[in-house]
Amino acid sequence: MNPRRVLVYFPTFARGYLRNPLGLFMSLIFPVILILIFGAVFSSSGTSPVPLAVENLDQNSPASVGFLAALNATGAVTVNLVSPTVGNLSDYLAHHSLSAGLVIPAGFDAAVAQHLPVQLTVYTNPASGGEAGIVLGAVEGVTNGLNLRLANGTPIVTSVSLTVGSPLYRYIDFLIPGLIGFSVLVSPMFSMVNIGSTWKRDKLFRQLSLTPLTRGEWLTATLLWYVLLAVVSAGLLVLVGGLAFGAHVTLTLLSLPLLVVGPILFVALGLLAGSVSSTPETAGVIGNIITFPMMFLSGTFFPVSLFPSWLVPVAKVLPLYYVVDGLNGAMVYDNPSAVYSDILIVVILAVGLAVAATRFFRWRED
Amino acid sequence: MSESVEVERLVKVYGSLRAVDTIDFTVRSGEVFSFLGPNGAGKSTTVEILEGLRRRTSGSVRVLGEDPWSSLDRIKRRIGVVPQDFHFFPTITPREGLRLYARLFDRRVDPDELLARVELLDKADARYDSLSGGQHQKVGVALALVNDPEICFLDEPTTGLDPRARRSVWEVIRRLRKEGRTVFLTTHYLDEAQQLSDRIAIIKRGKLIATGAPDELIAVFGRPARLRIVGEAALADRLRERGHAVTPDNGGLEVELRSKAEAVEILDAVASSGLRWQSFSTKSDTLEDVFIRLVGGARDEGNGPSVAEARP
Ligand SMILES: Nc1ncnc2c1ncn2[C@@H]1O[C@H](COP(=O)(O)OP(=O)(O)O)[C@@H](O)[C@H]1O
Ligand SMILES: [Mg+2]
């Protein structure tokens, strides 16, 4: 492996990619268009804050008041205090046709001060759909922020949701890691399937093998290009999502391994599909069979938690699921331990596919 | 070294097909050596083995003193290759391609000078996919010259080109020879082999059936010179009586000449026979006759005489 030759070859590969408008469109422009479309469709329904009935049993304590102020400041909910004398809040909600409520227990302030566990109770009405998600998301967000300040992220304050509702964050927050995953998948897959098959047909690998460039150097330059594309695409999506829709996602350091290993995985998979196929036409079909289910079923456009339960195992056999799940953990939830296991799975898959691909991806013929 | 390529008992088997069947030859430094044979004879297989791109089944191969398969890294810096069906990256321009190759080979080469040598300077900045077949071939030749190779392998460089483009490729080959490079050419065009080569090897179904300079091939494999006479049919019997080898030839007859004196003898006999005759001429084999006799049926394909393999 000669790094000089990797760098010499890199611009040639990049130029070839950039001169094909379709590749650039699929990897950088299309995901941005998707985010603009999906973002516009879904943010229009979530603009007005959801009224949240709050029963504060820790009357006017500094911690509880601060918590509620923070909750109000999210803009996602409007806090409406109800008298602690109403008793059971769920009856109150039903009686007044309200869809969301929060109970702050007595002793909240003391618990927070002493870093002792304390639990909030959130009521939502599943029938109100999106609102439930918004409420849970807002409570979860403020709770996380508080925990972070209190004890470096150790959960002190936890909330318990008394109805089943899983979308905790705004849709746009999911959409950004999902679309980054989309880009991580699509840009290597579509072009590597094509390169693996047409370059084989046109004997372009043979042509390269007549120069000092080695297979490993070629692969390294190619991987560098797709990693660069993934990082640029991720930056672009975070920027557009933040500017256009106020999405709360950050490109944390933890997302970087996924933006590196993810493209490697799909370069290997694309190259494998392209190399085993006898013609570019077959390769195209195989590539689509692999790519399309992954594109929709890995939590790219919709969180897997919203899938019907029979579809969840399907998502979990798709490599992209772990990339998207990891990116969600790293960029939205700030949940490192889940991300580590996702990274591990992606690394194992990438290594396995790379080994398989190098078995079929030959420059010389026997 | 006087031998650039040495091949001994080379065999290549694909499944049950012996594509190259125990061939021996050597290519001398500085010569143009042509592999002449019909499609499917095993030319590309042999060339690719010499270029280190294909593994041989058995036999020994030395290119510039090395085994090309195991020493490809070293060998590829010393050889230039224009493969059959040369293709290049569609969106790249000739100048960019040459610059890439120069950097990969770590050589100071002026792309424009190479492009001028193959008469392609005016297309230096055109995308490869916008060039014609002949121009593609020239890009291939220019790329093969980036590393200043000692041997150039050209696998059917003119197949499918129009006559003008063919001639311009021929010019390039002549120039390579003048520059002192060894050229290994494969072709199924007879005129091409005859005009360009110092030596020719004729390959048929994986076997070499003749090797030598064009004149040697004619001398060794051609039939003896013949005297052709157009005249009365009775002449044939008259000449046979005198012990000459006579065969009828449409509208006339042919007499094999075993010596120069025999021609005078025959004409004498014809004149003194009193029979009528219209014309006579001498005939000797061309390389094409030799080739047809060695390889099988002839077929005119595209730009020049070529030979199709006779099916068993
Ligand atoms: N990779 C391969 N696998 C199987 N058979 C092959 C392969 N390459 C060539 N052949 C066969 O070997 C024979 C010689 O082919 P080739 O060397 O390409 O001939 P030429 O270059 O003289 O036309 C042909 O019958 C061809 O079909
Ligand atoms: Mg051939």
# chains A, B, ... in the order shown; residues from 1 in each chain; ligands from 1

$ residues_around --residues "segment 248-262 of chain B" --least-positions-apart "6" --cutoff "8 Å" --atoms "only C-alpha atoms" --output "PyMOL selection string"
chain B and resi 224-233+236

$ residues_near_ligand --ligand "ligand 2" --cutoff "7 Å" --atoms "only C-alpha atoms and all ligand atoms" --output "ChimeraX atom specification"
/B:39-40,42-44,84,155-156

$ select_by_dssp --residues "segment 45-196 of chain A" --states "strand (DSSP E)" --output "PyMOL selection string"
chain A and resi 50-56+77-82+100-104+118-124+157-161

$ write_last_selection --atoms "N, CA and C atoms" --output "PDB file, in the first residue's frame"
ATOM      1  N   VAL A  50     -48.950  21.977  22.287  1.00  0.00           N
ATOM      2  CA  VAL A  50     -50.013  21.127  22.823  1.00  0.00           C
ATOM      3  C   VAL A  50     -50.285  21.550  24.274  1.00  0.00           C
ATOM      4  N   PRO A  51     -51.541  21.766  24.632  1.00  0.00           N
ATOM      5  CA  PRO A  51     -51.828  22.117  26.031  1.00  0.00           C
ATOM      6  C   PRO A  51     -51.535  20.929  26.950  1.00  0.00           C
ATOM      7  N   LEU A  52     -50.812  21.193  28.028  1.00  0.00           N
ATOM      8  CA  LEU A  52     -50.426  20.122  28.950  1.00  0.00           C
ATOM      9  C   LEU A  52     -50.909  20.485  30.356  1.00  0.00           C
ATOM     10  N   ALA A  53     -51.805  19.667  30.864  1.00  0.00           N
ATOM     11  CA  ALA A  53     -52.309  19.901  32.225  1.00  0.00           C
ATOM     12  C   ALA A  53     -51.300  19.363  33.227  1.00  0.00           C
ATOM     13  N   VAL A  54     -50.849  20.215  34.146  1.00  0.00           N
ATOM     14  CA  VAL A  54     -49.808  19.793  35.079  1.00  0.00           C
ATOM     15  C   VAL A  54     -50.326  19.875  36.514  1.00  0.00           C
ATOM     16  N   GLU A  55     -50.195  18.762  37.206  1.00  0.00           N
ATOM     17  CA  GLU A  55     -50.532  18.745  38.634  1.00  0.00           C
ATOM     18  C   GLU A  55     -49.215  18.733  39.398  1.00  0.00           C
ATOM     19  N   ASN A  56     -48.896  19.854  40.023  1.00  0.00           N
ATOM     20  CA  ASN A  56     -47.615  19.960  40.708  1.00  0.00           C
ATOM     21  C   ASN A  56     -47.810  19.651  42.184  1.00  0.00           C
ATOM     22  N   VAL A  77     -45.127  22.452  24.124  1.00  0.00           N
ATOM     23  CA  VAL A  77     -46.323  22.329  24.980  1.00  0.00           C
ATOM     24  C   VAL A  77     -46.583  23.667  25.688  1.00  0.00           C
ATOM     25  N   THR A  78     -47.838  23.881  26.086  1.00  0.00           N
ATOM     26  CA  THR A  78     -48.160  24.997  26.976  1.00  0.00           C
ATOM     27  C   THR A  78     -48.557  24.394  28.313  1.00  0.00           C
ATOM     28  N   VAL A  79     -47.838  24.818  29.371  1.00  0.00           N
ATOM     29  CA  VAL A  79     -48.120  24.263  30.693  1.00  0.00           C
ATOM     30  C   VAL A  79     -49.352  24.960  31.285  1.00  0.00           C
ATOM     31  N   ASN A  80     -50.376  24.170  31.611  1.00  0.00           N
ATOM     32  CA  ASN A  80     -51.553  24.700  32.304  1.00  0.00           C
ATOM     33  C   ASN A  80     -51.628  24.027  33.672  1.00  0.00           C
ATOM     34  N   LEU A  81     -51.361  24.816  34.738  1.00  0.00           N
ATOM     35  CA  LEU A  81     -51.361  24.221  36.075  1.00  0.00           C
ATOM     36  C   LEU A  81     -52.791  23.939  36.516  1.00  0.00           C
ATOM     37  N   VAL A  82     -52.976  22.770  37.108  1.00  0.00           N
ATOM     38  CA  VAL A  82     -54.278  22.478  37.706  1.00  0.00           C
ATOM     39  C   VAL A  82     -54.070  22.343  39.213  1.00  0.00           C
ATOM     40  N   ALA A 100     -53.405  15.464  27.340  1.00  0.00           N
ATOM     41  CA  ALA A 100     -52.061  15.287  27.895  1.00  0.00           C
ATOM     42  C   ALA A 100     -51.947  15.882  29.283  1.00  0.00           C
ATOM     43  N   GLY A 101     -51.255  15.152  30.170  1.00  0.00           N
ATOM     44  CA  GLY A 101     -51.078  15.642  31.520  1.00  0.00           C
ATOM     45  C   GLY A 101     -49.765  15.179  32.118  1.00  0.00           C
ATOM     46  N   LEU A 102     -49.320  15.904  33.167  1.00  0.00           N
ATOM     47  CA  LEU A 102     -48.059  15.573  33.813  1.00  0.00           C
ATOM     48  C   LEU A 102     -48.223  15.733  35.311  1.00  0.00           C
ATOM     49  N   VAL A 103     -47.721  14.749  36.069  1.00  0.00           N
ATOM     50  CA  VAL A 103     -47.756  14.864  37.524  1.00  0.00           C
ATOM     51  C   VAL A 103     -46.328  14.969  38.031  1.00  0.00           C
ATOM     52  N   ILE A 104     -46.042  16.050  38.792  1.00  0.00           N
ATOM     53  CA  ILE A 104     -44.750  16.165  39.461  1.00  0.00           C
ATOM     54  C   ILE A 104     -44.966  15.733  40.897  1.00  0.00           C
ATOM     55  N   VAL A 118     -36.278   9.986  41.171  1.00  0.00           N
ATOM     56  CA  VAL A 118     -37.636  10.478  41.305  1.00  0.00           C
ATOM     57  C   VAL A 118     -38.329  10.304  39.960  1.00  0.00           C
ATOM     58  N   GLN A 119     -39.624  10.031  40.034  1.00  0.00           N
ATOM     59  CA  GLN A 119     -40.299   9.701  38.786  1.00  0.00           C
ATOM     60  C   GLN A 119     -41.465  10.639  38.482  1.00  0.00           C
ATOM     61  N   LEU A 120     -41.495  11.100  37.241  1.00  0.00           N
ATOM     62  CA  LEU A 120     -42.608  11.925  36.770  1.00  0.00           C
ATOM     63  C   LEU A 120     -43.620  11.000  36.112  1.00  0.00           C
ATOM     64  N   THR A 121     -44.849  11.411  36.103  1.00  0.00           N
ATOM     65  CA  THR A 121     -45.871  10.613  35.418  1.00  0.00           C
ATOM     66  C   THR A 121     -46.461  11.438  34.279  1.00  0.00           C
ATOM     67  N   VAL A 122     -46.437  10.840  33.107  1.00  0.00           N
ATOM     68  CA  VAL A 122     -46.964  11.552  31.940  1.00  0.00           C
ATOM     69  C   VAL A 122     -48.177  10.803  31.432  1.00  0.00           C
ATOM     70  N   TYR A 123     -49.254  11.513  31.215  1.00  0.00           N
ATOM     71  CA  TYR A 123     -50.449  10.901  30.622  1.00  0.00           C
ATOM     72  C   TYR A 123     -50.607  11.418  29.201  1.00  0.00           C
ATOM     73  N   THR A 124     -50.789  10.494  28.303  1.00  0.00           N
ATOM     74  CA  THR A 124     -51.121  10.947  26.944  1.00  0.00           C
ATOM     75  C   THR A 124     -52.250  10.090  26.427  1.00  0.00           C
ATOM     76  N   VAL A 157     -33.919  11.954  37.486  1.00  0.00           N
ATOM     77  CA  VAL A 157     -35.325  12.184  37.211  1.00  0.00           C
ATOM     78  C   VAL A 157     -35.702  11.282  36.049  1.00  0.00           C
ATOM     79  N   THR A 158     -36.704  10.474  36.252  1.00  0.00           N
ATOM     80  CA  THR A 158     -37.180   9.670  35.132  1.00  0.00           C
ATOM     81  C   THR A 158     -38.659   9.951  34.979  1.00  0.00           C
ATOM     82  N   SER A 159     -39.150   9.673  33.821  1.00  0.00           N
ATOM     83  CA  SER A 159     -40.578   9.872  33.659  1.00  0.00           C
ATOM     84  C   SER A 159     -41.177   8.536  33.300  1.00  0.00           C
ATOM     85  N   VAL A 160     -42.368   8.320  33.686  1.00  0.00           N
ATOM     86  CA  VAL A 160     -43.039   7.108  33.274  1.00  0.00           C
ATOM     87  C   VAL A 160     -44.249   7.525  32.454  1.00  0.00           C
ATOM     88  N   SER A 161     -44.350   6.889  31.296  1.00  0.00           N
ATOM     89  CA  SER A 161     -45.439   7.241  30.418  1.00  0.00           C
ATOM     90  C   SER A 161     -46.540   6.240  30.664  1.00  0.00           C
TER      91      SER A 161
END

$ residues_around --residues "Tyr333 of chain A" --least-positions-apart "5" --cutoff "10 Å" --atoms "only C-alpha atoms" --output "list in words"
Glu140, Gly141, Asn144, Leu168, Tyr169, Asp173, Phe174, His248, Val249, Gly326, Leu327, Asn328, Ala338 and Val339 of chain A

$ residues_near_ligand --ligand "ligand 1" --cutoff "10 Å" --atoms "only C-alpha atoms and all ligand atoms" --output "number ranges by chain"
A: 365-366; B: 12-20, 35-49, 54, 84, 155-156, 186-188, 203-206

$ write_last_selection --atoms "N, CA and C atoms" --output "short mmCIF file (atom, residue, chain, number, x, y, z; two decimals), in the first residue's frame"
data_model
loop_
_atom_site.label_atom_id
_atom_site.label_comp_id
_atom_site.auth_asym_id
_atom_site.auth_seq_id
_atom_site.Cartn_x
_atom_site.Cartn_y
_atom_site.Cartn_z
N GLU A 365 -7.13 -12.48 -14.24
CA GLU A 365 -7.90 -13.70 -14.42
C GLU A 365 -6.98 -14.90 -14.31
N ASP A 366 -7.55 -15.97 -13.79
CA ASP A 366 -6.76 -17.19 -13.68
C ASP A 366 -6.57 -17.85 -15.04
N LYS B 12 -2.39 -23.49 -21.94
CA LYS B 12 -3.48 -22.88 -21.16
C LYS B 12 -4.76 -23.65 -21.44
N VAL B 13 -5.36 -24.13 -20.36
CA VAL B 13 -6.58 -24.92 -20.49
C VAL B 13 -7.72 -24.16 -19.84
N TYR B 14 -8.81 -24.00 -20.58
CA TYR B 14 -10.05 -23.47 -19.98
C TYR B 14 -11.03 -24.63 -19.91
N GLY B 15 -11.30 -25.11 -18.74
CA GLY B 15 -12.22 -26.25 -18.65
C GLY B 15 -11.67 -27.41 -19.46
N SER B 16 -12.39 -27.74 -20.54
CA SER B 16 -11.92 -28.87 -21.34
C SER B 16 -11.23 -28.39 -22.62
N LEU B 17 -11.14 -27.06 -22.78
CA LEU B 17 -10.55 -26.52 -24.01
C LEU B 17 -9.07 -26.21 -23.82
N ARG B 18 -8.24 -26.78 -24.70
CA ARG B 18 -6.82 -26.40 -24.66
C ARG B 18 -6.64 -25.20 -25.57
N ALA B 19 -6.82 -24.00 -25.01
CA ALA B 19 -6.80 -22.78 -25.81
C ALA B 19 -5.39 -22.50 -26.33
N VAL B 20 -4.38 -22.84 -25.54
CA VAL B 20 -2.99 -22.75 -25.98
C VAL B 20 -2.38 -24.11 -25.70
N PHE B 35 1.85 -12.42 -34.03
CA PHE B 35 1.08 -13.64 -33.83
C PHE B 35 -0.09 -13.54 -34.79
N LEU B 36 -0.09 -14.41 -35.79
CA LEU B 36 -1.10 -14.32 -36.83
C LEU B 36 -1.99 -15.55 -36.73
N GLY B 37 -3.29 -15.31 -36.65
CA GLY B 37 -4.18 -16.47 -36.56
C GLY B 37 -5.62 -16.02 -36.56
N PRO B 38 -6.52 -16.94 -36.88
CA PRO B 38 -7.95 -16.59 -36.92
C PRO B 38 -8.49 -16.34 -35.52
N ASN B 39 -9.73 -15.85 -35.46
CA ASN B 39 -10.36 -15.62 -34.16
C ASN B 39 -10.45 -16.92 -33.38
N GLY B 40 -10.17 -16.84 -32.11
CA GLY B 40 -10.29 -18.03 -31.26
C GLY B 40 -9.08 -18.93 -31.30
N ALA B 41 -8.02 -18.51 -32.00
CA ALA B 41 -6.85 -19.38 -32.15
C ALA B 41 -6.04 -19.48 -30.86
N GLY B 42 -6.19 -18.46 -29.99
CA GLY B 42 -5.42 -18.47 -28.75
C GLY B 42 -4.44 -17.31 -28.64
N LYS B 43 -4.58 -16.32 -29.51
CA LYS B 43 -3.65 -15.18 -29.50
C LYS B 43 -3.76 -14.37 -28.21
N SER B 44 -4.98 -13.94 -27.90
CA SER B 44 -5.13 -13.10 -26.70
C SER B 44 -4.73 -13.85 -25.45
N THR B 45 -5.11 -15.11 -25.39
CA THR B 45 -4.73 -15.90 -24.21
C THR B 45 -3.22 -15.88 -24.03
N THR B 46 -2.49 -16.11 -25.13
CA THR B 46 -1.03 -16.11 -25.03
C THR B 46 -0.51 -14.74 -24.61
N VAL B 47 -1.01 -13.70 -25.28
CA VAL B 47 -0.51 -12.35 -24.96
C VAL B 47 -0.78 -12.01 -23.50
N GLU B 48 -1.97 -12.34 -23.03
CA GLU B 48 -2.30 -11.99 -21.65
C GLU B 48 -1.43 -12.76 -20.66
N ILE B 49 -1.04 -13.95 -21.03
CA ILE B 49 -0.11 -14.69 -20.16
C ILE B 49 1.24 -13.98 -20.15
N ARG B 54 -2.83 -13.18 -16.96
CA ARG B 54 -3.53 -14.46 -16.95
C ARG B 54 -2.55 -15.53 -16.49
N GLN B 84 -6.73 -6.17 -26.40
CA GLN B 84 -7.82 -6.25 -27.37
C GLN B 84 -9.04 -5.63 -26.71
N ASP B 155 -2.61 -6.10 -28.94
CA ASP B 155 -3.48 -7.23 -29.28
C ASP B 155 -4.56 -6.75 -30.26
N GLU B 156 -4.42 -7.15 -31.50
CA GLU B 156 -5.33 -6.75 -32.57
C GLU B 156 -5.62 -5.26 -32.53
N THR B 186 -0.50 -8.96 -32.25
CA THR B 186 -1.36 -10.05 -32.73
C THR B 186 -2.31 -9.47 -33.76
N THR B 187 -2.64 -10.27 -34.73
CA THR B 187 -3.52 -9.77 -35.78
C THR B 187 -4.15 -10.94 -36.50
N HIS B 188 -5.32 -10.71 -37.09
CA HIS B 188 -5.78 -11.73 -38.03
C HIS B 188 -5.76 -11.18 -39.45
N ILE B 203 -0.63 -19.16 -35.63
CA ILE B 203 -1.23 -19.98 -34.59
C ILE B 203 -2.61 -20.43 -35.05
N LYS B 204 -2.89 -21.69 -34.80
CA LYS B 204 -4.18 -22.25 -35.19
C LYS B 204 -4.63 -23.20 -34.11
N ARG B 205 -5.81 -22.98 -33.60
CA ARG B 205 -6.37 -23.80 -32.53
C ARG B 205 -5.36 -24.13 -31.44
N GLY B 206 -4.69 -23.09 -30.99
CA GLY B 206 -3.80 -23.26 -29.84
C GLY B 206 -2.43 -23.80 -30.16
#

$ interface_residues --of "chain A" --to "chain B" --cutoff "7 Å" --atoms "only C-alpha atoms" --output "short mmCIF file (atom, residue, chain, number, x, y, z; two decimals) with N, CA and C atoms, in the first residue's frame"
data_model
loop_
_atom_site.label_atom_id
_atom_site.label_comp_id
_atom_site.auth_asym_id
_atom_site.auth_seq_id
_atom_site.Cartn_x
_atom_site.Cartn_y
_atom_site.Cartn_z
N ARG A 5 0.18 6.83 -4.11
CA ARG A 5 -0.65 6.42 -5.26
C ARG A 5 -2.14 6.51 -4.93
N VAL A 8 -2.86 9.99 -5.56
CA VAL A 8 -2.78 10.29 -7.00
C VAL A 8 -4.07 9.84 -7.69
N GLY A 16 -14.50 11.38 -11.86
CA GLY A 16 -15.40 10.49 -12.59
C GLY A 16 -16.79 10.48 -11.96
N ARG A 19 -18.57 13.86 -12.52
CA ARG A 19 -19.00 14.12 -13.90
C ARG A 19 -20.26 13.34 -14.26
N ASP A 202 -15.91 -4.00 -19.15
CA ASP A 202 -15.03 -3.21 -20.02
C ASP A 202 -13.56 -3.42 -19.70
N LYS A 203 -13.27 -4.34 -18.81
CA LYS A 203 -11.90 -4.67 -18.45
C LYS A 203 -11.13 -3.45 -17.94
N LEU A 204 -11.81 -2.60 -17.20
CA LEU A 204 -11.13 -1.40 -16.69
C LEU A 204 -10.26 -1.73 -15.48
N LEU A 210 -2.50 -2.78 -15.04
CA LEU A 210 -1.28 -2.59 -15.84
C LEU A 210 -0.45 -1.42 -15.33
N THR A 211 -1.01 -0.67 -14.39
CA THR A 211 -0.27 0.43 -13.77
C THR A 211 0.19 -0.04 -12.39
N PRO A 212 1.04 0.73 -11.74
CA PRO A 212 1.48 0.31 -10.40
C PRO A 212 0.38 0.36 -9.34
N LEU A 213 -0.77 0.97 -9.65
CA LEU A 213 -1.85 1.02 -8.66
C LEU A 213 -2.28 -0.40 -8.29
N ARG A 364 -6.99 -9.71 -11.95
CA ARG A 364 -6.38 -10.57 -12.97
C ARG A 364 -7.21 -11.84 -13.08
N GLU A 365 -7.13 -12.48 -14.24
CA GLU A 365 -7.90 -13.70 -14.42
C GLU A 365 -6.98 -14.90 -14.31
N ASP A 366 -7.55 -15.97 -13.79
CA ASP A 366 -6.76 -17.19 -13.68
C ASP A 366 -6.57 -17.85 -15.04
#

$ residues_around --residues "segment 299-307 of chain A" --least-positions-apart "5" --cutoff "7 Å" --atoms "only C-alpha atoms" --output "list in words"
Ser166, Phe174, Leu175, Gly178, Leu179, Gly181, Phe182, Val312, Tyr321 and Val324 of chain A

$ closest_residue --among "A:Leu229, A:Leu116, A:Asn125, A:Thr252" --to "Ala94 of chain A" --atoms "only C-alpha atoms"
A:Asn125

$ closest_residue --among "B:Ala165, B:Val246, B:Ile173, B:Leu64" --to "Val5 of chain B" --atoms "only C-alpha atoms"
B:Leu64

$ atom_distance --atom1 "atom CA of Gly75 of chain A" --atom2 "atom CA of Pro49 of chain A"
5.9 Å
